[in-house]
>>> print(open('work_4.tsv').read())   # TSV, C-alpha atoms
chain	number	residue	atom	x	y	z
P	19	MET	CA	-55.15	-152.74	-8.51
P	20	THR	CA	-56.23	-150.36	-11.30
P	21	ALA	CA	-53.49	-148.06	-12.58
P	22	LYS	CA	-54.09	-144.40	-11.85
P	23	PRO	CA	-54.56	-142.44	-15.10
P	24	ARG	CA	-52.08	-139.71	-15.93
P	25	SER	CA	-53.23	-136.16	-15.49
P	26	THR	CA	-53.93	-133.98	-18.50
P	27	ALA	CA	-50.92	-131.85	-17.56
P	28	ALA	CA	-48.64	-134.88	-17.60
P	29	ARG	CA	-49.98	-136.05	-20.95
P	30	LEU	CA	-49.52	-132.64	-22.54
P	31	SER	CA	-46.08	-131.93	-21.09
P	32	GLY	CA	-44.30	-134.53	-23.20
P	33	ASP	CA	-42.57	-135.84	-20.08
P	34	ALA	CA	-44.76	-138.88	-19.41
P	35	LYS	CA	-42.80	-142.12	-19.03
P	36	PRO	CA	-43.57	-144.77	-21.65
P	37	ALA	CA	-43.11	-148.41	-20.77
P	38	PRO	CA	-39.70	-149.62	-21.98
P	39	PRO	CA	-39.90	-151.65	-25.21
P	40	LEU	CA	-38.05	-154.90	-25.63
P	41	CYS	CA	-34.46	-153.79	-25.38
P	42	ALA	CA	-31.26	-154.60	-27.17
P	43	THR	CA	-29.16	-157.43	-25.87
P	44	ARG	CA	-26.19	-155.08	-25.35
P	45	ALA	CA	-25.20	-151.50	-26.08
P	46	LEU	CA	-23.71	-150.41	-29.39
P	47	ARG	CA	-20.02	-149.58	-29.39
P	48	HIS	CA	-18.87	-146.04	-30.21
P	49	ALA	CA	-17.64	-147.04	-33.68
P	50	GLU	CA	-21.02	-148.64	-34.40
P	51	ILE	CA	-22.88	-145.52	-33.25
P	52	ARG	CA	-20.78	-143.40	-35.59
P	53	GLU	CA	-21.55	-145.79	-38.46
P	54	LEU	CA	-25.26	-145.78	-37.59
P	55	PHE	CA	-25.48	-142.00	-37.91
P	56	ALA	CA	-23.26	-141.94	-40.98
P	57	ARG	CA	-25.80	-144.16	-42.74
P	58	LEU	CA	-28.84	-142.21	-41.55
P	59	SER	CA	-27.11	-138.99	-42.56
P	60	ALA	CA	-26.28	-140.32	-46.02
P	61	ALA	CA	-29.93	-141.29	-46.56
P	62	GLU	CA	-31.26	-137.89	-45.36
P	63	PRO	CA	-28.48	-135.26	-45.25
P	64	GLN	CA	-30.73	-132.36	-44.17
P	65	PRO	CA	-33.62	-133.81	-42.16
P	66	ARG	CA	-36.47	-131.51	-41.15
P	67	THR	CA	-39.46	-131.65	-38.87
P	68	GLU	CA	-42.65	-132.71	-40.62
P	69	LEU	CA	-44.57	-129.99	-38.78
P	70	HIS	CA	-45.27	-126.92	-40.91
P	71	TYR	CA	-44.17	-123.58	-39.48
P	72	ALA	CA	-42.80	-120.21	-40.56
P	73	SER	CA	-41.65	-118.75	-37.23
P	74	PRO	CA	-40.56	-119.91	-33.76
P	75	PHE	CA	-44.05	-119.08	-32.47
P	76	GLU	CA	-45.77	-121.17	-35.16
P	77	LEU	CA	-43.39	-124.03	-34.35
P	78	LEU	CA	-44.08	-123.74	-30.61
P	79	VAL	CA	-47.85	-123.89	-31.14
P	80	ALA	CA	-47.54	-126.80	-33.58
P	81	VAL	CA	-45.43	-128.80	-31.13
P	82	MET	CA	-47.88	-128.08	-28.32
P	83	LEU	CA	-50.69	-129.35	-30.53
P	84	SER	CA	-48.74	-132.46	-31.57
P	85	ALA	CA	-48.92	-134.17	-28.17
P	86	GLN	CA	-50.79	-137.43	-28.79
P	87	ALA	CA	-51.60	-136.31	-32.34
P	88	THR	CA	-50.04	-136.91	-35.74
P	89	ASP	CA	-48.04	-134.26	-37.56
P	90	VAL	CA	-50.45	-134.63	-40.49
P	91	SER	CA	-53.46	-133.75	-38.33
P	92	VAL	CA	-51.64	-130.80	-36.78
P	93	ASN	CA	-50.61	-129.45	-40.18
P	94	LYS	CA	-54.19	-129.62	-41.44
P	95	ALA	CA	-55.36	-127.59	-38.46
P	96	THR	CA	-52.56	-125.03	-38.41
P	97	CYS	CA	-52.78	-124.36	-42.15
P	98	LEU	CA	-56.10	-122.59	-41.58
P	99	LEU	CA	-55.29	-121.38	-38.07
P	100	TYR	CA	-52.09	-119.56	-39.05
P	101	ALA	CA	-53.88	-117.81	-41.89
P	102	ARG	CA	-56.02	-116.18	-39.19
P	103	ALA	CA	-53.55	-115.89	-36.31
P	104	ASN	CA	-49.82	-116.55	-36.24
P	105	THR	CA	-48.54	-114.29	-33.45
P	106	PRO	CA	-49.30	-114.26	-29.71
P	107	ALA	CA	-51.32	-111.05	-30.05
P	108	SER	CA	-53.40	-112.25	-32.99
P	109	MET	CA	-53.97	-115.63	-31.30
P	110	LEU	CA	-55.33	-113.88	-28.22
P	111	ALA	CA	-57.50	-111.66	-30.42
P	112	LEU	CA	-58.86	-114.77	-32.11
P	113	GLY	CA	-60.20	-115.92	-28.76
P	114	GLU	CA	-60.77	-119.29	-27.13
P	115	THR	CA	-63.96	-120.23	-28.96
P	116	GLU	CA	-62.49	-119.58	-32.40
P	117	LEU	CA	-59.19	-121.22	-31.52
P	118	LYS	CA	-61.00	-124.35	-30.39
P	119	ARG	CA	-62.96	-124.40	-33.63
P	120	HIS	CA	-59.71	-124.49	-35.60
P	121	ILE	CA	-58.11	-127.28	-33.54
P	122	ALA	CA	-61.23	-129.33	-32.68
P	123	SER	CA	-60.02	-132.22	-34.86
P	124	ILE	CA	-56.97	-132.67	-32.60
P	125	GLY	CA	-57.13	-134.68	-29.39
P	126	LEU	CA	-57.27	-132.82	-26.06
P	127	PHE	CA	-58.08	-129.61	-27.93
P	128	ASN	CA	-59.78	-127.96	-24.94
P	129	SER	CA	-56.71	-128.21	-22.72
P	130	LYS	CA	-54.40	-127.35	-25.60
P	131	ALA	CA	-56.38	-124.22	-26.44
P	132	ALA	CA	-56.22	-123.05	-22.82
P	133	ASN	CA	-52.47	-123.65	-22.66
P	134	ILE	CA	-51.80	-121.93	-25.99
P	135	LEU	CA	-53.70	-118.79	-24.97
P	136	ALA	CA	-52.04	-118.74	-21.54
P	137	THR	CA	-48.67	-119.10	-23.26
P	138	CYS	CA	-49.53	-116.22	-25.61
P	139	ARG	CA	-50.23	-113.99	-22.61
P	140	ARG	CA	-46.95	-114.99	-20.97
P	141	LEU	CA	-44.98	-114.37	-24.17
P	142	ILE	CA	-46.43	-110.86	-24.45
P	143	GLU	CA	-46.03	-110.01	-20.76
P	144	LEU	CA	-42.54	-111.39	-20.24
P	145	HIS	CA	-40.85	-111.74	-23.63
P	146	GLY	CA	-42.15	-108.94	-25.84
P	147	GLY	CA	-44.23	-111.39	-27.86
P	148	GLU	CA	-41.19	-113.44	-28.89
P	149	VAL	CA	-40.41	-117.08	-28.17
P	150	PRO	CA	-37.45	-117.16	-25.75
P	151	PRO	CA	-34.41	-119.21	-26.79
P	152	GLU	CA	-33.69	-120.42	-23.24
P	153	ARG	CA	-34.83	-123.74	-21.78
P	154	ALA	CA	-35.93	-122.38	-18.39
P	155	ALA	CA	-38.06	-119.67	-19.99
P	156	LEU	CA	-39.64	-122.15	-22.41
P	157	GLU	CA	-40.44	-124.68	-19.70
P	158	ALA	CA	-42.06	-121.90	-17.64
P	159	LEU	CA	-44.69	-121.46	-20.36
P	160	PRO	CA	-48.07	-123.15	-19.73
P	161	GLY	CA	-48.28	-126.57	-21.38
P	162	VAL	CA	-44.59	-126.64	-22.35
P	163	GLY	CA	-42.58	-129.56	-20.98
P	164	ARG	CA	-39.01	-130.63	-21.55
P	165	LYS	CA	-39.74	-132.44	-24.82
P	166	THR	CA	-41.51	-129.44	-26.36
P	167	ALA	CA	-38.71	-127.14	-25.18
P	168	ASN	CA	-36.12	-129.45	-26.72
P	169	VAL	CA	-37.88	-129.43	-30.08
P	170	VAL	CA	-38.10	-125.63	-30.15
P	171	LEU	CA	-34.49	-125.20	-29.05
P	172	ASN	CA	-33.29	-127.65	-31.68
P	173	VAL	CA	-35.47	-126.72	-34.65
P	174	ALA	CA	-36.00	-122.99	-34.17
P	175	PHE	CA	-32.72	-122.04	-32.51
P	176	GLY	CA	-30.25	-124.66	-33.76
P	177	GLU	CA	-29.25	-126.12	-30.40
P	178	PRO	CA	-27.98	-129.74	-30.48
P	179	THR	CA	-30.69	-131.02	-28.16
P	180	ILE	CA	-32.52	-134.33	-28.54
P	181	ALA	CA	-36.24	-134.44	-27.78
P	182	VAL	CA	-37.15	-138.00	-26.86
P	183	ASP	CA	-40.62	-138.99	-28.05
P	184	THR	CA	-42.05	-142.51	-28.28
P	185	HIS	CA	-40.26	-143.15	-31.59
P	186	ILE	CA	-36.83	-142.15	-30.30
P	187	PHE	CA	-37.40	-143.97	-27.02
P	188	ARG	CA	-38.17	-147.15	-28.96
P	189	VAL	CA	-35.31	-146.85	-31.45
P	190	ALA	CA	-32.73	-146.01	-28.79
P	191	ASN	CA	-33.70	-149.00	-26.65
P	192	ARG	CA	-34.16	-151.50	-29.48
P	193	THR	CA	-30.93	-150.79	-31.29
P	194	GLY	CA	-28.71	-150.50	-28.23
P	195	LEU	CA	-27.93	-146.88	-29.09
P	196	ALA	CA	-29.01	-145.53	-25.69
P	197	MET	CA	-30.95	-147.81	-23.39
P	198	GLY	CA	-32.99	-146.38	-20.53
P	199	ARG	CA	-36.13	-147.01	-18.52
P	200	ASP	CA	-37.53	-143.51	-18.89
P	201	VAL	CA	-37.46	-140.59	-21.32
P	202	ARG	CA	-34.94	-138.51	-19.39
P	203	GLY	CA	-32.58	-141.46	-18.99
P	204	VAL	CA	-32.62	-142.06	-22.75
P	205	GLU	CA	-32.15	-138.34	-23.47
P	206	ASP	CA	-29.14	-138.12	-21.17
P	207	ALA	CA	-27.64	-141.29	-22.67
P	208	LEU	CA	-28.12	-139.98	-26.22
P	209	LEU	CA	-26.43	-136.68	-25.39
P	210	ARG	CA	-23.47	-138.64	-24.04
P	211	ARG	CA	-23.26	-141.19	-26.84
P	212	VAL	CA	-24.19	-139.41	-30.08
P	213	PRO	CA	-21.05	-138.01	-31.74
P	214	ALA	CA	-20.95	-134.20	-31.66
P	215	GLU	CA	-21.02	-133.83	-35.44
P	216	TYR	CA	-24.35	-135.71	-35.61
P	217	ARG	CA	-26.05	-134.26	-32.53
P	218	LEU	CA	-27.83	-131.35	-34.23
P	219	HIS	CA	-29.87	-133.60	-36.55
P	220	ALA	CA	-29.95	-136.77	-34.41
P	221	HIS	CA	-33.46	-135.93	-33.19
P	222	HIS	CA	-34.89	-135.93	-36.71
P	223	TRP	CA	-32.97	-138.94	-38.00
P	224	LEU	CA	-34.16	-141.08	-35.10
P	225	ILE	CA	-37.78	-139.89	-35.30
P	226	LEU	CA	-37.93	-140.59	-39.03
P	227	HIS	CA	-36.34	-143.99	-38.54
P	228	GLY	CA	-38.83	-144.88	-35.82
P	229	ARG	CA	-41.81	-143.52	-37.73
P	230	TYR	CA	-41.17	-145.24	-41.06
P	231	THR	CA	-38.79	-148.17	-40.46
P	232	CYS	CA	-38.41	-149.18	-36.81
P	233	LYS	CA	-42.16	-149.17	-36.26
P	234	ALA	CA	-43.70	-150.23	-32.97
P	235	ARG	CA	-45.73	-153.28	-33.94
P	236	LYS	CA	-43.70	-154.64	-36.82
P	237	PRO	CA	-40.33	-153.06	-37.55
P	238	ASP	CA	-39.34	-153.18	-41.21
P	239	CYS	CA	-36.04	-154.88	-40.51
P	240	PRO	CA	-35.58	-156.30	-44.05
P	241	HIS	CA	-35.32	-152.74	-45.42
P	242	CYS	CA	-33.51	-151.20	-42.45
P	243	PRO	CA	-30.19	-149.49	-43.33
P	244	ILE	CA	-28.76	-150.24	-39.87
P	245	ARG	CA	-30.02	-153.82	-39.50
P	246	ASP	CA	-26.53	-155.29	-39.16
P	247	LEU	CA	-25.65	-152.83	-36.39
P	248	CYS	CA	-28.90	-153.16	-34.42
P	249	ARG	CA	-28.88	-155.29	-31.25
P	250	TYR	CA	-32.65	-155.94	-31.22
P	251	PRO	CA	-33.09	-159.69	-30.65
P	252	ASP	CA	-36.51	-160.04	-32.35
P	253	LYS	CA	-35.88	-158.61	-35.79
P	254	THR	CA	-38.60	-159.04	-38.41
P	255	VAL	CA	-37.49	-161.89	-40.66
P	256	SER	CA	-39.24	-160.93	-43.88
P	257	ALA	CA	-41.43	-158.18	-45.29
P	258	GLU	CA	-44.98	-159.37	-45.77
>>> encode(input="work_4.tsv", output="structure tokens")
Amino acid sequence: MTAKPRSTAARLSGDAKPAPPLCATRALRHAEIRELFARLSAAEPQPRTELHYASPFELLVAVMLSAQATDVSVNKATCLLYARANTPASMLALGETELKRHIASIGLFNSKAANILATCRRLIELHGGEVPPERAALEALPGVGRKTANVVLNVAFGEPTIAVDTHIFRVANRTGLAMGRDVRGVEDALLRRVPAEYRLHAHHWLILHGRYTCKARKPDCPHCPIRDLCRYPDKTVSAE
């Protein structure tokens, strides 16, 4: 039987459920989790998102655009876009045709443009043109799912949330940090298991680790700073 494709709304929301990767043999102990984050923290004391932004609104739009796209491609598009429009009012004034022209290099740009403009209208009508710092209000915006809301709450407003993308989902399951069969299960497990003093930056440390070291096809285990803690049974033996 052919699998039914996900809807565009599901793909853009950030809440789609990835298939679980090969998991750790057993969960990390609390002392090991603390050591894991101590090492990641020492390597990158003040981690930051790789998306470029200068306001909560610019961040929100960038995160909306980043669904199934690289941060590099989003930054290239928003560099020119934000020079023309970087507020809800100016984005609406830009119009759909011009907005699409700026983001045409990004996947699903038609749906993303529609959601961004609908979100701009909602921000002006309900929030005085400002990005609200509350989860419920963020998730009520068109095209904004739990993952996007978590990123905005964490990065723009300093809340210790953890947005689980494919990188974090993979790292959490592979290492034994927080195993789960779906995104929400991993998020809930991370919020329970990550020590409070590391929770604010945990999102960025885990994304960076998954993006550059614990890669999907061939993790760079020989250069991994947490190799001895990781429970992944199929570690890469050597760097080739």
>>> residues_around(input="work_4.tsv", residues="P:Val182", least_positions_apart="2", cutoff="7 Å", atoms="all atoms listed in the file", output="MDAnalysis selection string")
chainID P and resid 165 180 184 186:187 201 205
>>> residues_near_point(input="work_4.tsv", point="(-47.9, -125.7, -27.2)", cutoff="9 Å", atoms="all atoms listed in the file", output="list in words")
Leu30, Ser31, Leu77, Leu78, Val79, Ala80, Val81, Met82, Leu83, Ser84, Ala85, Lys130, Ala131, Asn133, Ile134, Thr137, Leu159, Pro160, Gly161, Val162 and Thr166 of chain P
>>> write_last_selection(input="work_4.tsv", atoms="C-alpha atoms", output="mmCIF file, keeping the file's coordinate frame")
data_model
loop_
_atom_site.group_PDB
_atom_site.id
_atom_site.type_symbol
_atom_site.label_atom_id
_atom_site.label_comp_id
_atom_site.auth_asym_id
_atom_site.auth_seq_id
_atom_site.Cartn_x
_atom_site.Cartn_y
_atom_site.Cartn_z
ATOM 1 C CA LEU P 30 -49.520 -132.640 -22.540
ATOM 2 C CA SER P 31 -46.080 -131.930 -21.090
ATOM 3 C CA LEU P 77 -43.390 -124.030 -34.350
ATOM 4 C CA LEU P 78 -44.080 -123.740 -30.610
ATOM 5 C CA VAL P 79 -47.850 -123.890 -31.140
ATOM 6 C CA ALA P 80 -47.540 -126.800 -33.580
ATOM 7 C CA VAL P 81 -45.430 -128.800 -31.130
ATOM 8 C CA MET P 82 -47.880 -128.080 -28.320
ATOM 9 C CA LEU P 83 -50.690 -129.350 -30.530
ATOM 10 C CA SER P 84 -48.740 -132.460 -31.570
ATOM 11 C CA ALA P 85 -48.920 -134.170 -28.170
ATOM 12 C CA LYS P 130 -54.400 -127.350 -25.600
ATOM 13 C CA ALA P 131 -56.380 -124.220 -26.440
ATOM 14 C CA ASN P 133 -52.470 -123.650 -22.660
ATOM 15 C CA ILE P 134 -51.800 -121.930 -25.990
ATOM 16 C CA THR P 137 -48.670 -119.100 -23.260
ATOM 17 C CA LEU P 159 -44.690 -121.460 -20.360
ATOM 18 C CA PRO P 160 -48.070 -123.150 -19.730
ATOM 19 C CA GLY P 161 -48.280 -126.570 -21.380
ATOM 20 C CA VAL P 162 -44.590 -126.640 -22.350
ATOM 21 C CA THR P 166 -41.510 -129.440 -26.360
#
>>> closest_residue(input="work_4.tsv", among="P:Ala42, P:Leu218, P:Ala136, P:Val173", to="P:Leu247", atoms="all atoms listed in the file")
P:Ala42
>>> atom_distance(input="work_4.tsv", atom1="atom CA of P:Glu177", atom2="atom CA of P:Leu226")
19.0 Å
>>> closest_residue(input="work_4.tsv", among="P:Gln86, P:Ser59, P:Thr115, P:Gln64", to="P:Pro243", atoms="all atoms listed in the file")
P:Ser59
>>> residues_near_point(input="work_4.tsv", point="(-21.9, -148.1, -36.9)", cutoff="12 Å", atoms="all atoms listed in the file", output="JSON, numbers by chain")
{"P": [45, 46, 47, 48, 49, 50, 51, 52, 53, 54, 55, 56, 57, 58, 59, 193, 194, 195, 212, 213, 243, 244, 245, 246, 247, 248, 249]}
>>> atom_distance(input="work_4.tsv", atom1="atom CA of P:Cys41", atom2="atom CA of P:Ala181")
19.6 Å
>>> closest_residue(input="work_4.tsv", among="P:Arg102, P:Tyr250, P:Thr67, P:Gly146", to="P:Met197", atoms="only C-alpha atoms")
P:Tyr250
>>> atom_distance(input="work_4.tsv", atom1="atom CA of P:Ala190", atom2="atom CA of P:Glu68")
20.4 Å
>>> closest_residue(input="work_4.tsv", among="P:Thr105, P:Thr179, P:Cys232, P:Arg188", to="P:Asp206", atoms="all atoms listed in the file")
P:Thr179
>>> closest_residue(input="work_4.tsv", among="P:His219, P:His241, P:His227, P:Arg119", to="P:Pro65", atoms="only C-alpha atoms")
P:His219
>>> closest_residue(input="work_4.tsv", among="P:Val189, P:Ala72, P:Val204, P:Cys239", to="P:Trp223", atoms="only C-alpha atoms")
P:Val189
>>> residues_around(input="work_4.tsv", residues="P:Ser123", least_positions_apart="5", cutoff="12 Å", atoms="only C-alpha atoms", output="PDB file with C-alpha atoms, in the coordinates of the input")
ATOM      1  CA  LEU P  83     -50.690-129.350 -30.530  1.00  0.00           C
ATOM      2  CA  SER P  84     -48.740-132.460 -31.570  1.00  0.00           C
ATOM      3  CA  ALA P  87     -51.600-136.310 -32.340  1.00  0.00           C
ATOM      4  CA  THR P  88     -50.040-136.910 -35.740  1.00  0.00           C
ATOM      5  CA  VAL P  90     -50.450-134.630 -40.490  1.00  0.00           C
ATOM      6  CA  SER P  91     -53.460-133.750 -38.330  1.00  0.00           C
ATOM      7  CA  VAL P  92     -51.640-130.800 -36.780  1.00  0.00           C
ATOM      8  CA  ASN P  93     -50.610-129.450 -40.180  1.00  0.00           C
ATOM      9  CA  LYS P  94     -54.190-129.620 -41.440  1.00  0.00           C
ATOM     10  CA  ALA P  95     -55.360-127.590 -38.460  1.00  0.00           C
ATOM     11  CA  THR P  96     -52.560-125.030 -38.410  1.00  0.00           C
ATOM     12  CA  LEU P 117     -59.190-121.220 -31.520  1.00  0.00           C
ATOM     13  CA  LYS P 118     -61.000-124.350 -30.390  1.00  0.00           C
ATOM     14  CA  ASN P 128     -59.780-127.960 -24.940  1.00  0.00           C
ATOM     15  CA  LYS P 130     -54.400-127.350 -25.600  1.00  0.00           C
TER      16      LYS P 130
END
